[in-house]
Structure formats: C-alpha cells, structure tokens
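Visitor: PDB, C-alpha atoms, pLDDT in the B column, file work.pdb:
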```pdb
ATOM      1  CA  MET X 132      67.245  79.859 -59.700  1.00 57.00           C
ATOM      2  CA  ASN X 133      63.669  80.687 -58.659  1.00 62.00           C
ATOM      3  CA  VAL X 134      63.100  78.043 -56.030  1.00 58.00           C
ATOM      4  CA  LYS X 135      59.762  79.530 -54.925  1.00 63.00           C
ATOM      5  CA  LEU X 136      58.049  77.755 -57.807  1.00 63.00           C
ATOM      6  CA  LEU X 137      59.454  74.413 -56.703  1.00 65.00           C
ATOM      7  CA  TRP X 138      58.038  74.307 -53.171  1.00 64.00           C
ATOM      8  CA  PRO X 139      54.510  73.078 -54.040  1.00 65.00           C
ATOM      9  CA  MET X 140      56.008  70.300 -56.185  1.00 64.00           C
ATOM     10  CA  ILE X 141      58.512  69.476 -53.455  1.00 63.00           C
ATOM     11  CA  ALA X 142      55.721  69.169 -50.883  1.00 62.00           C
ATOM     12  CA  ALA X 143      53.647  66.899 -53.103  1.00 60.00           C
ATOM     13  CA  THR X 144      56.633  64.708 -53.913  1.00 61.00           C
ATOM     14  CA  LEU X 145      57.687  64.396 -50.309  1.00 56.00           C
ATOM     15  CA  MET X 146      54.198  63.593 -49.109  1.00 56.00           C
ATOM     16  CA  SER X 147      53.762  60.943 -51.764  1.00 56.00           C
ATOM     17  CA  SER X 148      57.037  59.309 -50.791  1.00 52.00           C
ATOM     18  CA  ALA X 149      56.008  59.459 -47.115  1.00 49.00           C
ATOM     19  CA  CYS X 150      59.139  61.448 -46.279  1.00 50.00           C
ATOM     20  CA  SER X 151      60.850  58.329 -45.001  1.00 55.00           C
ATOM     21  CA  ASP X 152      63.720  58.032 -47.450  1.00 59.00           C
ATOM     22  CA  THR X 153      65.843  61.091 -48.180  1.00 63.00           C
ATOM     23  CA  SER X 154      67.544  59.526 -51.204  1.00 70.00           C
ATOM     24  CA  MET X 155      64.167  58.578 -52.662  1.00 71.00           C
ATOM     25  CA  ALA X 156      62.940  62.142 -52.167  1.00 68.00           C
ATOM     26  CA  ARG X 157      66.107  63.500 -53.789  1.00 72.00           C
ATOM     27  CA  LYS X 158      65.699  61.169 -56.767  1.00 76.00           C
ATOM     28  CA  ALA X 159      62.100  62.257 -57.157  1.00 75.00           C
ATOM     29  CA  LEU X 160      62.981  65.953 -56.930  1.00 77.00           C
ATOM     30  CA  LYS X 161      66.034  65.932 -59.200  1.00 82.00           C
ATOM     31  CA  PRO X 162      64.010  66.152 -62.460  1.00 86.00           C
ATOM     32  CA  VAL X 163      61.924  68.985 -60.997  1.00 81.00           C
ATOM     33  CA  ILE X 164      65.047  70.921 -60.048  1.00 83.00           C
ATOM     34  CA  GLU X 165      66.655  70.249 -63.433  1.00 87.00           C
ATOM     35  CA  TYR X 166      63.529  71.449 -65.233  1.00 87.00           C
ATOM     36  CA  GLN X 167      63.393  74.630 -63.152  1.00 84.00           C
ATOM     37  CA  CYS X 168      67.107  75.187 -63.767  1.00 87.00           C
ATOM     38  CA  SER X 169      66.548  74.821 -67.504  1.00 88.00           C
ATOM     39  CA  GLN X 170      63.701  77.346 -67.465  1.00 88.00           C
ATOM     40  CA  GLU X 171      65.782  79.803 -65.455  1.00 86.00           C
ATOM     41  CA  LEU X 172      68.757  79.452 -67.800  1.00 86.00           C
ATOM     42  CA  LYS X 173      66.669  80.023 -70.899  1.00 89.00           C
ATOM     43  CA  SER X 174      65.277  83.255 -69.474  1.00 88.00           C
ATOM     44  CA  SER X 175      68.653  84.504 -68.196  1.00 88.00           C
ATOM     45  CA  LYS X 176      70.313  87.346 -70.099  1.00 91.00           C
ATOM     46  CA  VAL X 177      73.711  86.097 -68.945  1.00 90.00           C
ATOM     47  CA  TRP X 178      72.970  82.652 -70.410  1.00 89.00           C
ATOM     48  CA  LYS X 179      71.742  84.149 -73.689  1.00 92.00           C
ATOM     49  CA  ILE X 180      74.863  86.289 -74.046  1.00 92.00           C
ATOM     50  CA  GLY X 181      77.213  83.509 -72.949  1.00 90.00           C
ATOM     51  CA  THR X 182      75.791  80.985 -75.393  1.00 91.00           C
ATOM     52  CA  TYR X 183      75.091  83.360 -78.293  1.00 93.00           C
ATOM     53  CA  LEU X 184      77.864  81.990 -80.501  1.00 94.00           C
ATOM     54  CA  MET X 185      77.181  78.346 -79.643  1.00 93.00           C
ATOM     55  CA  SER X 186      75.246  75.997 -81.856  1.00 96.00           C
ATOM     56  CA  GLU X 187      71.898  74.710 -80.607  1.00 96.00           C
ATOM     57  CA  LEU X 188      73.495  71.324 -79.916  1.00 97.00           C
ATOM     58  CA  GLN X 189      76.309  72.916 -77.875  1.00 94.00           C
ATOM     59  CA  GLN X 190      73.770  74.957 -75.900  1.00 94.00           C
ATOM     60  CA  GLN X 191      71.690  71.868 -75.149  1.00 95.00           C
ATOM     61  CA  LYS X 192      74.764  69.909 -74.043  1.00 93.00           C
ATOM     62  CA  LEU X 193      75.940  72.703 -71.738  1.00 91.00           C
ATOM     63  CA  GLU X 194      72.431  73.200 -70.336  1.00 92.00           C
ATOM     64  CA  LYS X 195      72.189  69.480 -69.596  1.00 93.00           C
ATOM     65  CA  GLU X 196      75.579  69.511 -67.833  1.00 91.00           C
ATOM     66  CA  VAL X 197      74.811  72.628 -65.769  1.00 90.00           C
ATOM     67  CA  CYS X 198      71.296  71.625 -64.740  1.00 90.00           C
ATOM     68  CA  GLY X 199      72.312  68.017 -64.136  1.00 90.00           C
ATOM     69  CA  CYS X 200      74.963  69.237 -61.742  1.00 91.00           C
ATOM     70  CA  VAL X 201      72.530  71.598 -60.006  1.00 89.00           C
ATOM     71  CA  GLY X 202      69.983  68.787 -59.667  1.00 86.00           C
ATOM     72  CA  GLU X 203      72.629  66.472 -58.262  1.00 86.00           C
ATOM     73  CA  HIS X 204      73.975  68.838 -55.623  1.00 88.00           C
ATOM     74  CA  ALA X 205      71.137  71.198 -54.630  1.00 86.00           C
ATOM     75  CA  LEU X 206      69.528  68.987 -51.997  1.00 84.00           C
ATOM     76  CA  LYS X 207      72.619  67.302 -50.561  1.00 83.00           C
ATOM     77  CA  GLU X 208      72.636  67.076 -46.787  1.00 80.00           C
ATOM     78  CA  ILE X 209      69.032  68.313 -46.534  1.00 83.00           C
ATOM     79  CA  PRO X 210      66.726  65.722 -44.924  1.00 84.00           C
ATOM     80  CA  ALA X 211      63.345  65.077 -46.541  1.00 78.00           C
ATOM     81  CA  THR X 212      61.521  66.055 -43.364  1.00 83.00           C
ATOM     82  CA  THR X 213      63.245  69.445 -43.402  1.00 84.00           C
ATOM     83  CA  LEU X 214      62.191  69.938 -47.019  1.00 79.00           C
ATOM     84  CA  LEU X 215      58.620  69.184 -46.051  1.00 78.00           C
ATOM     85  CA  LYS X 216      58.719  71.631 -43.128  1.00 82.00           C
ATOM     86  CA  ALA X 217      60.007  74.311 -45.491  1.00 79.00           C
ATOM     87  CA  THR X 218      56.782  74.130 -47.486  1.00 76.00           C
ATOM     88  CA  VAL X 219      54.971  75.841 -44.599  1.00 83.00           C
ATOM     89  CA  ASP X 220      57.780  77.808 -42.918  1.00 85.00           C
ATOM     90  CA  GLU X 221      58.916  80.847 -44.922  1.00 86.00           C
ATOM     91  CA  GLU X 222      62.003  81.431 -42.776  1.00 91.00           C
ATOM     92  CA  LEU X 223      63.143  77.822 -43.171  1.00 87.00           C
ATOM     93  CA  LYS X 224      62.360  77.999 -46.888  1.00 83.00           C
ATOM     94  CA  ALA X 225      64.659  81.026 -47.260  1.00 83.00           C
ATOM     95  CA  GLU X 226      67.427  79.217 -45.354  1.00 87.00           C
ATOM     96  CA  LEU X 227      67.081  76.076 -47.470  1.00 84.00           C
ATOM     97  CA  THR X 228      67.086  78.103 -50.667  1.00 82.00           C
ATOM     98  CA  LYS X 229      70.425  79.622 -49.664  1.00 84.00           C
ATOM     99  CA  GLN X 230      71.734  76.184 -48.694  1.00 86.00           C
ATOM    100  CA  ALA X 231      70.588  74.654 -52.005  1.00 86.00           C
ATOM    101  CA  ILE X 232      72.353  77.399 -53.954  1.00 82.00           C
ATOM    102  CA  ALA X 233      75.511  77.006 -51.862  1.00 84.00           C
ATOM    103  CA  ASN X 234      75.396  73.215 -52.291  1.00 86.00           C
ATOM    104  CA  SER X 235      75.040  73.604 -56.056  1.00 88.00           C
ATOM    105  CA  LEU X 236      77.880  76.099 -56.361  1.00 81.00           C
ATOM    106  CA  LYS X 237      80.198  74.098 -54.127  1.00 86.00           C
ATOM    107  CA  GLY X 238      79.394  70.733 -55.691  1.00 86.00           C
ATOM    108  CA  CYS X 239      79.419  71.890 -59.295  1.00 87.00           C
ATOM    109  CA  ALA X 240      82.605  73.943 -58.902  1.00 79.00           C
ATOM    110  CA  THR X 241      84.360  70.965 -57.310  1.00 82.00           C
ATOM    111  CA  GLU X 242      83.090  68.662 -60.055  1.00 81.00           C
ATOM    112  CA  TYR X 243      84.177  71.096 -62.771  1.00 76.00           C
ATOM    113  CA  LEU X 244      87.673  71.527 -61.318  1.00 74.00           C
ATOM    114  CA  GLN X 245      88.159  67.761 -60.958  1.00 83.00           C
ATOM    115  CA  ASN X 246      87.210  67.223 -64.605  1.00 81.00           C
ATOM    116  CA  LYS X 247      89.576  69.886 -65.949  1.00 65.00           C
TER     117      LYS X 247
END
```
Show the structure stored in the file as structure tokens.

Guide:
Amino acid sequence: MNVKLLWPMIAATLMSSACSDTSMARKALKPVIEYQCSQELKSSKVWKIGTYLMSELQQQKLEKEVCGCVGEHALKEIPATTLLKATVDEELKAELTKQAIANSLKGCATEYLQNK
C-alpha cells in the first residue's frame, strides 16, 4: 500500500483531533486507510488477476473485507503523537510504514485463520 499519500491526511486528522486520544485518531484515520487500500487494490495486477473470474459483487465484498481488515489493524499500537511526528520525520515515517504493514499482515492473517 502506498502510505506516502496518506501522511498529509494523517497530519491534518491528528492535528484536528488535538492528538490527545489515540483511539479517536485511529477511528478518524480508518476510512482514509481503507480508501487508500481500495485504490491500491484496484491498480494491482495481482488483484486484477486474482479476482478476474469473480463477479463484481464478489470483488466488492472481498475488497471490503481486505481493506476493512487493513484499516482495523494498520495503526494498532502506534500512538497518535508518533503518527504526528512521522509527518515531518522521514526516517520515522519509513519505520511506521513498515510497522503498519506488519500490523496489517499479522492482524489480518490471525483474523482469517480464526474465521476458517
């Protein structure tokens, strides 16, 4: 997922919520992350190939499940103040991007395995 595009929106959201409540910041950012996830999926060759034989409804359902999971898990255990600092610190931004991806993979894989 191209997280670089999210950082300006993350900064604005965090500043508007005064960075005091991590869960509030996460709730505010979840739709942004889900939207970005959706855009990334739609442009992914792997996604296009993997969903080629699916109906439009099946694709939409799977996209909603995948991006919902990513939005739910990406920012776990990342304080709002750290997210704000990452808007101006490239090194921290790179670290948080890796952590967000790891959180998503770990959380979504666990969720998937529990539901199967």

Visitor: Using the chain letters and numbering of this document, enumerate as a PDB file with C-alpha atoms, keeping the file's coordinate frame the residues selected by the PyMOL selection byres ((chain X and resi 170-184) around 12).

Guide:
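result-v2.pdb, written as the output of this step:
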```pdb
ATOM      1  CA  MET X 132      67.245  79.859 -59.700  1.00 57.00           C
ATOM      2  CA  ASN X 133      63.669  80.687 -58.659  1.00 62.00           C
ATOM      3  CA  VAL X 134      63.100  78.043 -56.030  1.00 58.00           C
ATOM      4  CA  LEU X 136      58.049  77.755 -57.807  1.00 63.00           C
ATOM      5  CA  LEU X 137      59.454  74.413 -56.703  1.00 65.00           C
ATOM      6  CA  VAL X 163      61.924  68.985 -60.997  1.00 81.00           C
ATOM      7  CA  ILE X 164      65.047  70.921 -60.048  1.00 83.00           C
ATOM      8  CA  GLU X 165      66.655  70.249 -63.433  1.00 87.00           C
ATOM      9  CA  TYR X 166      63.529  71.449 -65.233  1.00 87.00           C
ATOM     10  CA  GLN X 167      63.393  74.630 -63.152  1.00 84.00           C
ATOM     11  CA  CYS X 168      67.107  75.187 -63.767  1.00 87.00           C
ATOM     12  CA  SER X 169      66.548  74.821 -67.504  1.00 88.00           C
ATOM     13  CA  MET X 185      77.181  78.346 -79.643  1.00 93.00           C
ATOM     14  CA  SER X 186      75.246  75.997 -81.856  1.00 96.00           C
ATOM     15  CA  GLU X 187      71.898  74.710 -80.607  1.00 96.00           C
ATOM     16  CA  LEU X 188      73.495  71.324 -79.916  1.00 97.00           C
ATOM     17  CA  GLN X 189      76.309  72.916 -77.875  1.00 94.00           C
ATOM     18  CA  GLN X 190      73.770  74.957 -75.900  1.00 94.00           C
ATOM     19  CA  GLN X 191      71.690  71.868 -75.149  1.00 95.00           C
ATOM     20  CA  LYS X 192      74.764  69.909 -74.043  1.00 93.00           C
ATOM     21  CA  LEU X 193      75.940  72.703 -71.738  1.00 91.00           C
ATOM     22  CA  GLU X 194      72.431  73.200 -70.336  1.00 92.00           C
ATOM     23  CA  LYS X 195      72.189  69.480 -69.596  1.00 93.00           C
ATOM     24  CA  VAL X 197      74.811  72.628 -65.769  1.00 90.00           C
ATOM     25  CA  CYS X 198      71.296  71.625 -64.740  1.00 90.00           C
ATOM     26  CA  VAL X 201      72.530  71.598 -60.006  1.00 89.00           C
TER      27      VAL X 201
END
```

Visitor: Just the number, please: distance in Å from atom CA of Lys207 of chain X to atom CA of Thr241 of chain X, one decimal.

Guide: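 According to the coordinates, atom CA of Lys207 of chain X and atom CA of Thr241 of chain X are separated by 14.0 Å.
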
Visitor: Have a look at atom CA of Lys158 of chain X and atom CA of Gln245 of chain X and let me know their distance in Å, one decimal.

Guide: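 These two atoms are separated by 23.8 Å.
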
Visitor: I need the residue nearest Glu203 of chain X from this list: X:Leu223, X:Ala217, X:Ala240, X:Asn234. Use all atoms listed in the file for the distance.

Guide: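 Of X:Leu223, X:Ala217, X:Ala240, X:Asn234, the one nearest Glu203 of chain X, counting all atoms listed in the file, is X:Asn234.
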
Visitor: Distance atom CA of Gln230 of chain X-atom CA of Gly199 of chain X, one decimal place?

Guide: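 Atom CA of Gln230 of chain X sits 17.5 Å away from atom CA of Gly199 of chain X.
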
Visitor: Considering only C-alpha atoms, can you say which of X:Asn246, X:Asp220, X:Ala233, X:Ala225 comes closest to Glu208 of chain X?

Guide: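 Of X:Asn246, X:Asp220, X:Ala233, X:Ala225, the one nearest Glu208 of chain X is X:Ala233, counting only C-alpha atoms.
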
Visitor: So which residues touch Tyr243 of chain X within 10 Å, counting all atoms listed in the file, skipping near sequence neighbours fewer than 4 positions away, as a PyMOL selection string?

Guide: chain X and resi 197+200+237-239+247

Visitor: Enclose the full set of atoms of segment 240-244 of chain X listed in the file within a box whose edges lie along x, y and z, apply 6 Å of padding to each of the six sides, and report centre and edge lengths in Å to one decimal as lines of an AutoDock Vina configuration file.

Guide:
```
center_x = 85.1
center_y = 71.3
center_z = -60.0
size_x = 17.1
size_y = 17.3
size_z = 17.5
```

Visitor: Return the single residue from X:Leu244, X:Ala205, X:Leu227, X:Ile232 that is closest to Leu160 of chain X, with distances computed using all atoms listed in the file.

Guide: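 Checking each candidate against Leu160 of chain X, we get X:Ala205 as the closest.
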
Visitor: Would you mind telling me which residue in X:Lys161, X:Glu196, X:Ser154, X:Leu206 lies nearest to Ser235 of chain X when using only C-alpha atoms?

Guide: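 Residue with the minimum atom-to-atom distance to Ser235 of chain X: X:Leu206.
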